[in-house]
$ cat query.cif   # mmCIF, C-alpha atoms
data_query
#
loop_
_atom_site.label_atom_id
_atom_site.label_comp_id
_atom_site.auth_asym_id
_atom_site.auth_seq_id
_atom_site.Cartn_x
_atom_site.Cartn_y
_atom_site.Cartn_z
CA MET A 1 94.97 95.67 235.49
CA THR A 2 93.36 93.45 232.88
CA ALA A 3 93.36 95.08 229.47
CA ALA A 4 89.93 96.02 228.16
CA ALA A 5 88.74 94.00 225.20
CA LYS A 6 88.11 95.75 221.90
CA PRO A 7 84.39 96.60 221.72
CA GLY A 8 82.36 94.60 219.25
CA ALA A 9 79.63 95.80 216.95
CA GLU A 10 77.31 96.36 219.92
CA GLY A 11 79.93 98.08 222.06
CA SER A 12 78.74 101.08 224.07
CA LEU A 13 80.41 104.46 224.31
CA ALA A 14 81.58 103.55 227.82
CA ASP A 15 83.13 100.35 226.42
CA TRP A 16 85.02 102.33 223.77
CA LEU A 17 86.30 104.93 226.22
CA ASN A 18 87.44 102.27 228.68
CA TYR A 19 89.26 100.51 225.84
CA GLN A 20 90.99 103.73 224.76
CA GLU A 21 92.12 104.55 228.29
CA GLN A 22 94.00 101.24 228.48
CA LEU A 23 95.22 101.01 224.89
CA HIS A 24 98.27 103.28 225.06
CA PRO A 25 101.00 102.85 227.70
CA ALA A 26 100.99 106.59 228.53
CA ALA A 27 97.96 108.82 229.05
CA ILE A 28 99.83 111.65 227.31
CA GLU A 29 102.43 111.21 224.58
CA MET A 30 103.38 114.36 222.74
CA GLY A 31 103.98 114.04 219.00
CA LEU A 32 102.12 113.93 215.71
CA GLY A 33 103.73 110.98 213.96
CA ARG A 34 101.31 108.23 214.97
CA VAL A 35 98.10 110.24 214.82
CA ARG A 36 99.02 111.75 211.44
CA VAL A 37 99.46 108.32 209.85
CA VAL A 38 96.01 107.23 211.02
CA ALA A 39 94.47 110.54 209.91
CA GLU A 40 95.94 110.08 206.45
CA ARG A 41 94.57 106.53 206.26
CA LEU A 42 91.13 107.97 207.10
CA GLU A 43 91.59 110.71 204.46
CA LEU A 44 91.13 113.47 207.04
CA VAL A 45 94.17 115.58 206.12
CA ALA A 46 94.22 116.18 202.35
CA ALA A 47 91.15 118.43 201.96
CA PRO A 48 89.66 119.33 205.35
CA PRO A 49 86.97 121.97 205.87
CA LEU A 50 88.10 125.49 206.67
CA SER A 51 89.79 125.01 210.04
CA VAL A 52 90.44 127.30 213.00
CA ILE A 53 92.61 126.07 215.89
CA VAL A 54 92.34 127.74 219.31
CA GLY A 55 95.21 127.44 221.81
CA GLY A 56 96.29 129.22 224.98
CA THR A 57 96.29 128.59 228.71
CA ASN A 58 92.82 129.88 229.62
CA GLY A 59 89.86 131.00 227.53
CA LYS A 60 90.22 128.35 224.83
CA GLY A 61 86.80 126.84 225.47
CA SER A 62 85.04 130.22 225.53
CA THR A 63 86.74 131.36 222.33
CA THR A 64 86.06 128.07 220.52
CA THR A 65 82.42 128.12 221.59
CA LEU A 66 81.94 131.74 220.49
CA LEU A 67 83.60 131.20 217.10
CA ALA A 68 81.40 128.18 216.44
CA ALA A 69 78.31 130.14 217.49
CA ILE A 70 79.17 133.09 215.23
CA TYR A 71 79.55 130.88 212.17
CA ARG A 72 76.40 128.97 213.07
CA GLU A 73 74.43 132.22 213.40
CA ALA A 74 75.80 133.23 209.99
CA GLY A 75 74.20 130.15 208.46
CA TYR A 76 77.22 127.87 208.06
CA ARG A 77 77.41 124.22 209.08
CA VAL A 78 79.89 124.14 211.95
CA GLY A 79 81.85 121.52 213.85
CA ALA A 80 83.28 122.35 217.27
CA TYR A 81 85.77 120.22 219.19
CA THR A 82 86.53 121.08 222.83
CA SER A 83 88.12 119.37 225.81
CA PRO A 84 87.94 118.33 228.51
CA HIS A 85 84.24 117.66 228.89
CA LEU A 86 82.40 118.71 232.02
CA TYR A 87 79.57 116.19 232.39
CA ARG A 88 79.48 113.87 229.34
CA TYR A 89 82.15 112.89 226.82
CA ASN A 90 79.70 113.76 224.01
CA GLU A 91 80.13 117.48 224.84
CA ARG A 92 83.55 117.38 223.17
CA VAL A 93 82.18 116.98 219.64
CA ALA A 94 79.29 119.10 218.36
CA VAL A 95 77.81 119.78 214.93
CA ASP A 96 75.70 122.92 214.68
CA GLY A 97 75.62 123.16 218.45
CA VAL A 98 74.32 119.61 219.00
CA ALA A 99 76.56 117.19 220.88
CA ALA A 100 77.46 113.97 219.08
CA SER A 101 75.31 110.95 219.96
CA ASP A 102 76.74 107.80 221.49
CA ALA A 103 76.04 105.95 218.24
CA ALA A 104 77.89 108.55 216.13
CA LEU A 105 80.94 108.49 218.40
CA CYS A 106 81.02 104.69 218.44
CA ALA A 107 80.87 104.62 214.62
CA ALA A 108 83.79 107.04 214.47
CA PHE A 109 85.79 105.00 216.98
CA ALA A 110 85.14 101.81 215.01
CA ALA A 111 86.42 103.47 211.83
CA ILE A 112 89.56 104.68 213.65
CA GLU A 113 90.15 101.26 215.19
CA GLN A 114 90.00 99.64 211.78
CA ALA A 115 92.34 102.23 210.22
CA ARG A 116 95.00 102.32 212.94
CA GLY A 117 96.19 98.73 212.54
CA ASP A 118 99.00 98.22 215.04
CA ILE A 119 99.50 101.96 215.70
CA SER A 120 98.82 102.79 219.35
CA LEU A 121 96.78 105.94 220.02
CA THR A 122 96.12 107.86 223.24
CA TYR A 123 92.64 108.63 224.54
CA PHE A 124 92.93 112.23 223.30
CA GLU A 125 94.21 111.20 219.88
CA PHE A 126 91.26 108.84 219.45
CA GLY A 127 88.91 111.68 220.37
CA THR A 128 90.54 114.17 218.01
CA LEU A 129 90.35 111.78 215.08
CA ALA A 130 86.73 110.99 215.94
CA ALA A 131 85.86 114.70 215.84
CA LEU A 132 87.54 115.18 212.46
CA TRP A 133 85.86 112.03 211.10
CA LEU A 134 82.41 113.14 212.27
CA PHE A 135 82.89 116.64 210.89
CA ARG A 136 83.88 115.16 207.54
CA GLU A 137 80.83 112.88 207.56
CA ALA A 138 78.57 115.83 208.47
CA GLN A 139 80.09 117.90 205.65
CA VAL A 140 80.69 120.93 207.87
CA THR A 141 81.76 124.18 206.23
CA VAL A 142 84.07 125.18 209.07
CA GLN A 143 85.55 123.32 212.04
CA VAL A 144 86.81 125.02 215.20
CA LEU A 145 89.25 122.88 217.17
CA GLU A 146 90.46 123.51 220.71
CA VAL A 147 94.02 122.48 221.57
CA GLY A 148 94.17 119.91 224.34
CA LEU A 149 97.73 120.44 225.59
CA GLY A 150 100.32 122.89 224.30
CA GLY A 151 100.01 123.32 220.55
CA ARG A 152 103.01 122.28 218.48
CA LEU A 153 102.69 118.58 219.33
CA ASP A 154 98.96 118.48 220.09
CA ALA A 155 96.85 116.13 217.96
CA VAL A 156 94.70 118.92 216.46
CA ASN A 157 97.87 120.40 214.99
CA LEU A 158 98.06 117.60 212.42
CA LEU A 159 95.97 120.01 210.32
CA ASP A 160 97.32 123.19 208.73
CA ALA A 161 94.84 125.65 210.21
CA ASP A 162 93.49 128.44 208.04
CA ALA A 163 93.58 130.61 211.16
CA ALA A 164 94.83 130.07 214.69
CA VAL A 165 94.31 131.84 218.01
CA VAL A 166 96.44 131.93 221.15
CA THR A 167 94.30 133.40 223.91
CA ASN A 168 97.01 133.86 226.55
CA ILE A 169 100.10 132.27 228.04
CA GLY A 170 100.23 131.15 231.66
CA LEU A 171 102.18 128.65 233.73
CA ASP A 172 100.33 125.36 233.39
CA HIS A 173 101.29 121.82 232.32
CA GLN A 174 104.91 122.77 232.99
CA ASP A 175 106.07 119.16 233.04
CA TRP A 176 105.19 118.99 229.34
CA LEU A 177 105.57 122.52 227.99
CA GLY A 178 108.43 124.15 229.91
CA ASP A 179 108.91 126.01 233.17
CA ASN A 180 108.56 129.60 231.92
CA ARG A 181 106.25 131.65 229.70
CA ASP A 182 108.78 131.92 226.87
CA ALA A 183 109.09 128.15 226.54
CA ILE A 184 105.34 127.62 226.88
CA GLY A 185 104.70 130.38 224.34
CA ARG A 186 106.95 128.69 221.79
CA GLU A 187 105.01 125.45 222.17
CA LYS A 188 101.66 127.16 221.80
CA ALA A 189 102.81 129.11 218.72
CA GLY A 190 103.26 125.79 216.96
CA ILE A 191 99.67 126.00 215.68
CA PHE A 192 100.58 129.01 213.47
CA ARG A 193 101.26 128.53 209.75
CA ARG A 194 103.19 130.52 207.14
CA GLY A 195 101.09 133.22 205.53
CA ARG A 196 97.99 132.37 207.55
CA LEU A 197 96.18 134.38 210.19
CA ALA A 198 97.58 134.12 213.73
CA VAL A 199 95.60 136.00 216.39
CA ILE A 200 97.27 136.67 219.75
CA ALA A 201 95.02 137.92 222.57
CA ASP A 202 97.58 137.88 225.40
CA ARG A 203 98.02 141.43 226.73
CA ASP A 204 101.65 140.75 227.61
CA PRO A 205 102.79 138.08 225.13
CA PRO A 206 106.11 136.45 226.00
CA ALA A 207 109.02 136.93 223.62
CA GLY A 208 109.07 133.19 222.90
CA LEU A 209 105.55 133.32 221.48
CA LEU A 210 106.27 136.34 219.27
CA GLU A 211 109.63 135.02 218.06
CA ALA A 212 108.11 131.67 217.14
CA ALA A 213 105.22 133.35 215.33
CA GLN A 214 107.70 135.41 213.31
CA SER A 215 109.83 132.36 212.49
CA TYR A 216 106.76 130.54 211.16
CA GLY A 217 105.97 133.49 208.88
CA ALA A 218 102.42 133.77 210.18
CA ARG A 219 100.21 136.80 209.49
CA VAL A 220 100.08 138.00 213.10
CA GLN A 221 97.33 140.17 214.62
CA ARG A 222 97.98 141.22 218.24
CA LEU A 223 95.62 142.66 220.84
CA ASP A 224 98.49 144.19 222.82
CA ALA A 225 99.92 145.94 219.72
CA GLY A 226 96.58 147.48 218.75
CA ASP A 227 96.13 145.44 215.58
CA PHE A 228 92.64 144.83 216.93
CA GLY A 229 90.88 145.85 220.12
CA TYR A 230 87.68 147.22 221.57
CA THR A 231 86.14 149.98 223.62
CA ALA A 232 83.50 149.00 226.16
CA THR A 233 80.76 150.61 228.20
CA ALA A 234 78.62 149.08 230.92
CA SER A 235 76.14 147.83 228.34
CA ASP A 236 77.99 147.18 225.06
CA PHE A 237 81.31 147.30 223.22
CA GLN A 238 82.74 148.13 219.81
CA TRP A 239 85.40 145.99 218.15
CA GLN A 240 87.95 147.80 216.01
CA SER A 241 91.00 147.33 213.82
CA ALA A 242 93.00 149.75 211.70
CA GLU A 243 90.52 149.32 208.84
CA LEU A 244 87.21 148.63 210.54
CA LYS A 245 84.97 149.47 213.48
CA SER A 246 81.94 147.43 214.45
CA PRO A 247 78.55 148.78 215.41
CA PRO A 248 77.79 148.55 219.14
CA LEU A 249 77.72 144.88 220.13
CA PRO A 250 76.21 143.23 223.22
CA LEU A 251 78.62 142.23 225.95
CA PRO A 252 79.39 138.49 226.02
CA ALA A 253 76.78 136.58 228.00
CA LEU A 254 79.57 134.89 229.99
CA LEU A 255 80.61 136.83 233.09
CA GLY A 256 84.06 138.38 233.49
CA ALA A 257 85.92 141.25 231.88
CA HIS A 258 88.39 138.76 230.35
CA GLN A 259 85.58 137.45 228.14
CA LEU A 260 85.87 140.67 226.12
CA ASP A 261 89.45 139.75 225.21
CA ASN A 262 88.27 136.30 224.13
CA ALA A 263 85.44 137.85 222.12
CA ALA A 264 87.79 140.34 220.46
CA ALA A 265 90.08 137.49 219.40
CA ALA A 266 87.17 135.51 217.96
CA ILE A 267 85.97 138.55 215.99
CA ALA A 268 89.52 139.13 214.70
CA VAL A 269 89.44 135.61 213.25
CA VAL A 270 86.03 136.16 211.69
CA GLN A 271 87.15 139.41 210.09
CA GLY A 272 90.42 137.87 208.91
CA LEU A 273 88.51 135.09 207.14
CA GLN A 274 85.72 137.35 205.90
CA CYS A 275 86.67 136.93 202.24
CA ARG A 276 86.16 133.16 202.54
CA LEU A 277 83.25 133.01 204.99
CA PRO A 278 81.33 136.31 205.04
CA VAL A 279 79.67 137.07 208.39
CA ALA A 280 77.32 139.95 209.16
CA TRP A 281 77.62 141.90 212.42
CA SER A 282 74.10 140.73 213.31
CA ALA A 283 75.39 137.14 213.49
CA VAL A 284 78.20 138.24 215.81
CA ALA A 285 75.71 140.06 218.04
CA SER A 286 73.38 137.05 218.23
CA ALA A 287 76.25 134.73 219.13
CA LEU A 288 77.46 137.05 221.90
CA GLN A 289 74.00 137.31 223.40
CA GLY A 290 73.44 133.56 223.37
CA LEU A 291 76.93 132.52 224.49
CA TYR A 292 76.78 129.79 227.12
CA LEU A 293 79.44 127.53 228.54
CA PRO A 294 78.77 125.77 231.84
CA GLY A 295 81.29 126.13 234.64
CA ARG A 296 82.56 129.57 233.65
CA VAL A 297 81.62 131.93 236.53
CA GLN A 298 78.23 130.20 236.38
CA PRO A 299 75.72 131.50 238.96
CA HIS A 300 73.45 128.80 240.35
CA GLY A 301 71.35 130.12 243.21
CA ARG A 302 73.77 130.85 246.07
CA PHE A 303 76.49 128.86 244.30
CA VAL A 304 79.01 130.04 241.72
CA LEU A 305 80.59 127.28 239.63
CA ASP A 306 83.92 127.78 237.89
CA VAL A 307 86.47 125.34 236.45
CA ALA A 308 89.45 127.60 237.26
CA HIS A 309 92.42 125.34 237.98
CA ASN A 310 95.55 127.46 237.53
CA THR A 311 96.85 130.78 238.81
CA GLU A 312 95.77 132.92 235.87
CA ALA A 313 92.24 131.51 235.80
CA VAL A 314 91.82 131.94 239.55
CA GLN A 315 93.04 135.54 239.28
CA GLN A 316 90.40 136.28 236.65
CA LEU A 317 87.76 134.53 238.76
CA VAL A 318 88.61 136.58 241.85
CA GLN A 319 88.51 139.83 239.88
CA THR A 320 85.04 138.96 238.59
CA LEU A 321 83.64 137.81 241.94
CA SER A 322 85.06 140.69 243.96
CA THR A 323 82.42 142.88 242.35
CA ARG A 324 79.67 140.28 242.65
CA PHE A 325 80.28 139.45 246.33
CA GLY A 326 81.24 142.94 247.50
CA ALA A 327 82.35 142.84 251.12
CA GLU A 328 80.77 139.44 251.74
CA ARG A 329 83.16 136.50 251.95
CA CYS A 330 82.21 133.14 250.52
CA LEU A 331 82.57 129.55 251.57
CA LEU A 332 84.88 127.68 249.20
CA LEU A 333 84.28 124.12 247.98
CA ILE A 334 87.50 123.09 246.25
CA GLY A 335 89.14 120.01 244.79
CA VAL A 336 92.50 120.18 242.99
CA LEU A 337 94.71 117.85 240.97
CA GLY A 338 98.29 117.20 242.02
CA ASP A 339 100.07 119.20 239.32
CA LYS A 340 98.31 122.48 240.15
CA PRO A 341 99.77 125.41 242.16
CA VAL A 342 97.67 125.15 245.32
CA GLU A 343 99.56 127.78 247.31
CA ALA A 344 99.47 130.38 244.53
CA MET A 345 95.76 129.74 243.99
CA ALA A 346 95.08 130.01 247.72
CA ALA A 347 96.91 133.34 247.97
CA LEU A 348 94.57 134.78 245.34
CA LEU A 349 91.42 133.27 246.84
CA ARG A 350 92.16 134.19 250.48
CA PRO A 351 90.66 137.74 250.46
CA LEU A 352 87.44 136.31 249.02
CA VAL A 353 87.04 133.28 251.26
CA GLN A 354 85.89 132.90 254.88
CA GLN A 355 86.47 129.14 255.09
CA ALA A 356 86.96 126.16 252.78
CA ILE A 357 85.88 122.55 252.45
CA ALA A 358 88.31 120.33 250.53
CA VAL A 359 86.70 117.83 248.16
CA GLN A 360 88.14 114.38 247.56
CA LEU A 361 88.20 114.07 243.76
CA PRO A 362 88.31 110.67 242.05
CA GLY A 363 91.43 109.29 240.41
CA PRO A 364 95.13 108.99 241.25
CA ARG A 365 96.00 112.54 240.18
CA ALA A 366 93.78 114.15 242.82
CA ILE A 367 95.25 115.75 245.93
CA PRO A 368 93.77 113.93 248.97
CA ASP A 369 91.20 116.09 250.74
CA THR A 370 93.11 115.91 254.04
CA GLU A 371 96.32 117.12 252.39
CA LEU A 372 94.51 119.85 250.46
CA ALA A 373 92.78 121.11 253.62
CA ALA A 374 96.13 121.24 255.46
CA ARG A 375 97.81 123.15 252.64
CA LEU A 376 94.97 125.65 252.38
CA THR A 377 94.99 126.18 256.17
CA ALA A 378 98.74 126.80 256.04
CA CYS A 379 98.02 129.50 253.44
CA GLY A 380 95.63 131.30 255.78
CA ILE A 381 92.29 129.80 254.67
CA ALA A 382 90.63 127.89 257.54
CA SER A 383 89.83 124.53 255.92
CA GLU A 384 88.65 121.03 256.65
CA ALA A 385 88.50 117.81 254.67
CA GLY A 386 85.05 117.12 253.28
CA GLY A 387 85.40 113.70 251.73
CA ALA A 388 83.75 112.86 248.42
CA ALA A 389 81.45 115.31 246.65
CA ALA A 390 78.13 114.52 248.34
CA HIS A 391 79.58 114.61 251.85
CA ALA A 392 81.63 117.74 251.10
CA LEU A 393 78.55 119.55 249.80
CA ALA A 394 76.52 118.59 252.85
CA LEU A 395 79.31 119.81 255.11
CA ALA A 396 79.56 123.07 253.16
CA LEU A 397 75.84 123.72 253.57
CA LEU A 398 76.16 122.99 257.28
CA ARG A 399 79.14 125.33 257.73
CA ALA A 400 77.93 128.20 255.54
CA ASP A 401 75.98 131.07 257.03
CA ALA A 402 72.42 131.54 255.83
CA ALA A 403 72.49 132.73 252.18
CA GLN A 404 76.31 132.94 252.22
CA PRO A 405 77.63 132.47 248.68
CA ILE A 406 79.41 129.18 248.01
CA LEU A 407 82.15 129.09 245.39
CA VAL A 408 82.92 125.76 243.71
CA CYS A 409 86.22 125.64 241.80
CA GLY A 410 89.67 124.07 241.44
CA SER A 411 89.08 121.60 238.62
CA PHE A 412 86.66 120.52 235.92
CA LEU A 413 86.22 117.42 238.09
CA THR A 414 85.13 119.52 241.09
CA VAL A 415 82.36 121.29 239.19
CA ALA A 416 81.30 118.06 237.47
CA ALA A 417 80.98 116.30 240.83
CA ILE A 418 79.21 119.06 242.79
CA ALA A 419 76.89 120.65 240.21
CA PRO A 420 74.54 117.66 239.71
CA LEU A 421 74.05 117.43 243.47
CA ILE A 422 72.72 120.99 243.76
CA VAL A 423 70.57 121.07 240.65
CA ASP A 424 67.34 120.41 242.57
CA ASP A 425 68.19 122.75 245.44
CA CYS A 426 68.33 126.08 243.64
CA THR A 427 67.71 127.86 240.37
CA ASP A 428 69.93 129.90 238.14
CA ASP A 429 70.10 133.65 238.75
#
$ encode --input "query.cif" --output "structure tokens"
Amino acid sequence: MTAAAKPGAEGSLADWLNYQEQLHPAAIEMGLGRVRVVAERLELVAAPPLSVIVGGTNGKGSTTTLLAAIYREAGYRVGAYTSPHLYRYNERVAVDGVAASDAALCAAFAAIEQARGDISLTYFEFGTLAALWLFREAQVTVQVLEVGLGGRLDAVNLLDADAAVVTNIGLDHQDWLGDNRDAIGREKAGIFRRGRLAVIADRDPPAGLLEAAQSYGARVQRLDAGDFGYTATASDFQWQSAELKSPPLPLPALLGAHQLDNAAAAIAVVQGLQCRLPVAWSAVASALQGLYLPGRVQPHGRFVLDVAHNTEAVQQLVQTLSTRFGAERCLLLIGVLGDKPVEAMAALLRPLVQQAIAVQLPGPRAIPDTELAARLTACGIASEAGGAAAHALALALLRADAAQPILVCGSFLTVAAIAPLIVDDCTDD
């Protein structure tokens, strides 16, 4: 492969991203040494805005989005950094809810390129530095940063967060983080800091997470230990801690009972930082009502779109959809990357699914559609290969019964490929 040339002054966002993808010899390289040096050269470390880092296996995007929305509703200028993106790279970096423009991202990348010298950066490290640079330029009051992979060695952890959240611990990215929940928990606890707020929303936190949090000397607040929690009805919920109880709040606009755990964690952060950034309950309520994140149990006509791509996320998805679908079984449109637990995911999906169409996702990490169909069939889900997204969707519509629900899941890439093809065929519920 011919290396991409460094973009010039007129370089497009696509040029910059292509350059970054080929710049570093490895797509992922854990460690903070290189990225910290460049951040210090850009003066991004010494006096950052108030910073909240959100880690965990699932629920990071929802929690980051809700925290940013709460602070925005409270009148603060807010930066939010999330990954991966669903449709456009620009989604990763937002100021006051508005995604960064191509021009803004290119300006940030140019500044990073000039500062890095001969230091090689990964695609994700470039993006993280760009977010911090843009937030500094926008003079945000608070920045909410989602961990990309793990925690301890993730690029966002170059900052000493004023508060940090771990949503939950599941078995994902085991090649990088360890093969059990204790090991993964220790890695994710690396975002905690001595004397600073550490919110844990896992209902069964592994010992490794708790031991690491204690060793860091963090000020831990746990959902499972009752340090914070909530009581819910069919129409609202009340958040509570030992010292405080909220007025009735609207349920999160995102579907799924697990979103209440994410919301409770976000509110615990807001209350823990209340002396620095006061927030009224009315701002929390407005943020909950307006919460939106595409690809999270997203109804779209007869389709439901979800980016679930590991066992824990699929389990939550099935619990949510069992109520929605009732006795009706759906047709499954699914594409999966090679490092994901296909058989475990299939075992959870099987009671919900009548038949499946395997989607051929782009890129070398994708499981071929023929292999995926064979593995799903071996797990008891009658499946066939559907080819690339457009052909797989057409086949799904041909195979599905009239008005039968169609579930699209397995990867961010699956939702990103299928959703634009159905946008003109149906409307949101």
$ resolve_selection --input "query.cif" --expression "the PyMOL selection byres ((chain A and resi 110) around 10)" --output "PyMOL selection string"
chain A and resi 6-9+11+16+104-109+111-115+130
$ residues_around --input "query.cif" --residues "Leu398 in chain A" --least-positions-apart "6" --cutoff "12 Å" --atoms "only C-alpha atoms" --output "PyMOL selection string"
chain A and resi 331+357+386+391-392+404+406
$ residues_around --input "query.cif" --residues "Gly151 in chain A" --least-positions-apart "4" --cutoff "10 Å" --atoms "only C-alpha atoms" --output "count of residues only"
21
$ resolve_selection --input "query.cif" --expression "the PyMOL selection byres ((chain A and resi 338) around 6)" --output "mmCIF file with C-alpha atoms, keeping the file's coordinate frame"
data_model
loop_
_atom_site.group_PDB
_atom_site.id
_atom_site.type_symbol
_atom_site.label_atom_id
_atom_site.label_comp_id
_atom_site.auth_asym_id
_atom_site.auth_seq_id
_atom_site.Cartn_x
_atom_site.Cartn_y
_atom_site.Cartn_z
ATOM 1 C CA LEU A 337 94.710 117.850 240.970
ATOM 2 C CA ASP A 339 100.070 119.200 239.320
ATOM 3 C CA LYS A 340 98.310 122.480 240.150
ATOM 4 C CA ARG A 365 96.000 112.540 240.180
ATOM 5 C CA ALA A 366 93.780 114.150 242.820
ATOM 6 C CA ILE A 367 95.250 115.750 245.930
#
$ resolve_selection --input "query.cif" --expression "the PyMOL selection byres ((chain A and resi 75-84) around 8)" --output "JSON, numbers by chain"
{"A": [61, 64, 65, 68, 71, 72, 73, 74, 85, 86, 91, 92, 93, 94, 95, 96, 97, 128, 131, 135, 139, 140, 141, 142, 143, 144, 145, 146, 147, 148, 412]}
$ residues_near_point --input "query.cif" --point "(81.0, 135.4, 230.6)" --cutoff "8 Å" --atoms "only C-alpha atoms" --output "list in words"
Pro252, Ala253, Leu254, Leu255, Gly256, Ala257, Gln259, Leu291, Tyr292, Arg296 and Val297 of chain A
$ write_last_selection --input "query.cif" --atoms "C-alpha atoms" --output "PDB file, in the coordinates of the input"
ATOM      1  CA  PRO A 252      79.390 138.490 226.020  1.00  0.00           C
ATOM      2  CA  ALA A 253      76.780 136.580 228.000  1.00  0.00           C
ATOM      3  CA  LEU A 254      79.570 134.890 229.990  1.00  0.00           C
ATOM      4  CA  LEU A 255      80.610 136.830 233.090  1.00  0.00           C
ATOM      5  CA  GLY A 256      84.060 138.380 233.490  1.00  0.00           C
ATOM      6  CA  ALA A 257      85.920 141.250 231.880  1.00  0.00           C
ATOM      7  CA  GLN A 259      85.580 137.450 228.140  1.00  0.00           C
ATOM      8  CA  LEU A 291      76.930 132.520 224.490  1.00  0.00           C
ATOM      9  CA  TYR A 292      76.780 129.790 227.120  1.00  0.00           C
ATOM     10  CA  ARG A 296      82.560 129.570 233.650  1.00  0.00           C
ATOM     11  CA  VAL A 297      81.620 131.930 236.530  1.00  0.00           C
TER      12      VAL A 297
END
$ closest_residue --input "query.cif" --among "A:Leu288, A:Val35, A:Val342, A:Leu210" --to "Asp236 in chain A" --atoms "all atoms listed in the file"
A:Leu288
$ closest_residue --input "query.cif" --among "A:Glu125, A:Ala242, A:Thr167, A:Leu44" --to "Thr63 in chain A" --atoms "only C-alpha atoms"
A:Thr167
$ atom_distance --input "query.cif" --atom1 "CA of Ala225 in chain A" --atom2 "CA of Asp204 in chain A"
9.6 Å
$ build_atoms --input "query.cif" --residues "range 323-335 of chain A" --atoms "N, CA and C atoms" --output "PDB file, in the frame of the given file"
ATOM      1  N   THR A 323      83.539 141.966 242.590  1.00  0.00           N
ATOM      2  CA  THR A 323      82.420 142.880 242.350  1.00  0.00           C
ATOM      3  C   THR A 323      81.102 142.243 242.731  1.00  0.00           C
ATOM      4  N   ARG A 324      80.939 140.972 242.392  1.00  0.00           N
ATOM      5  CA  ARG A 324      79.670 140.280 242.650  1.00  0.00           C
ATOM      6  C   ARG A 324      79.421 140.109 244.142  1.00  0.00           C
ATOM      7  N   PHE A 325      80.450 139.727 244.911  1.00  0.00           N
ATOM      8  CA  PHE A 325      80.280 139.450 246.330  1.00  0.00           C
ATOM      9  C   PHE A 325      80.370 140.705 247.190  1.00  0.00           C
ATOM     10  N   GLY A 326      81.049 141.754 246.690  1.00  0.00           N
ATOM     11  CA  GLY A 326      81.240 142.940 247.500  1.00  0.00           C
ATOM     12  C   GLY A 326      82.074 142.622 248.724  1.00  0.00           C
ATOM     13  N   ALA A 327      81.606 143.071 249.885  1.00  0.00           N
ATOM     14  CA  ALA A 327      82.350 142.840 251.120  1.00  0.00           C
ATOM     15  C   ALA A 327      82.107 141.464 251.706  1.00  0.00           C
ATOM     16  N   GLU A 328      81.109 140.759 251.200  1.00  0.00           N
ATOM     17  CA  GLU A 328      80.770 139.440 251.740  1.00  0.00           C
ATOM     18  C   GLU A 328      81.822 138.408 251.326  1.00  0.00           C
ATOM     19  N   ARG A 329      82.184 137.548 252.248  1.00  0.00           N
ATOM     20  CA  ARG A 329      83.160 136.500 251.950  1.00  0.00           C
ATOM     21  C   ARG A 329      82.438 135.164 251.806  1.00  0.00           C
ATOM     22  N   CYS A 330      82.905 134.368 250.878  1.00  0.00           N
ATOM     23  CA  CYS A 330      82.210 133.140 250.520  1.00  0.00           C
ATOM     24  C   CYS A 330      82.778 131.934 251.264  1.00  0.00           C
ATOM     25  N   LEU A 331      82.032 130.841 251.191  1.00  0.00           N
ATOM     26  CA  LEU A 331      82.570 129.550 251.570  1.00  0.00           C
ATOM     27  C   LEU A 331      83.076 128.886 250.292  1.00  0.00           C
ATOM     28  N   LEU A 332      84.238 128.267 250.359  1.00  0.00           N
ATOM     29  CA  LEU A 332      84.880 127.680 249.200  1.00  0.00           C
ATOM     30  C   LEU A 332      84.793 126.160 249.246  1.00  0.00           C
ATOM     31  N   LEU A 333      84.254 125.566 248.182  1.00  0.00           N
ATOM     32  CA  LEU A 333      84.280 124.120 247.980  1.00  0.00           C
ATOM     33  C   LEU A 333      85.306 123.863 246.893  1.00  0.00           C
ATOM     34  N   ILE A 334      86.400 123.178 247.210  1.00  0.00           N
ATOM     35  CA  ILE A 334      87.500 123.090 246.250  1.00  0.00           C
ATOM     36  C   ILE A 334      88.112 121.703 246.230  1.00  0.00           C
ATOM     37  N   GLY A 335      88.370 121.228 245.014  1.00  0.00           N
ATOM     38  CA  GLY A 335      89.140 120.010 244.790  1.00  0.00           C
ATOM     39  C   GLY A 335      90.175 120.317 243.722  1.00  0.00           C
TER      40      GLY A 335
END
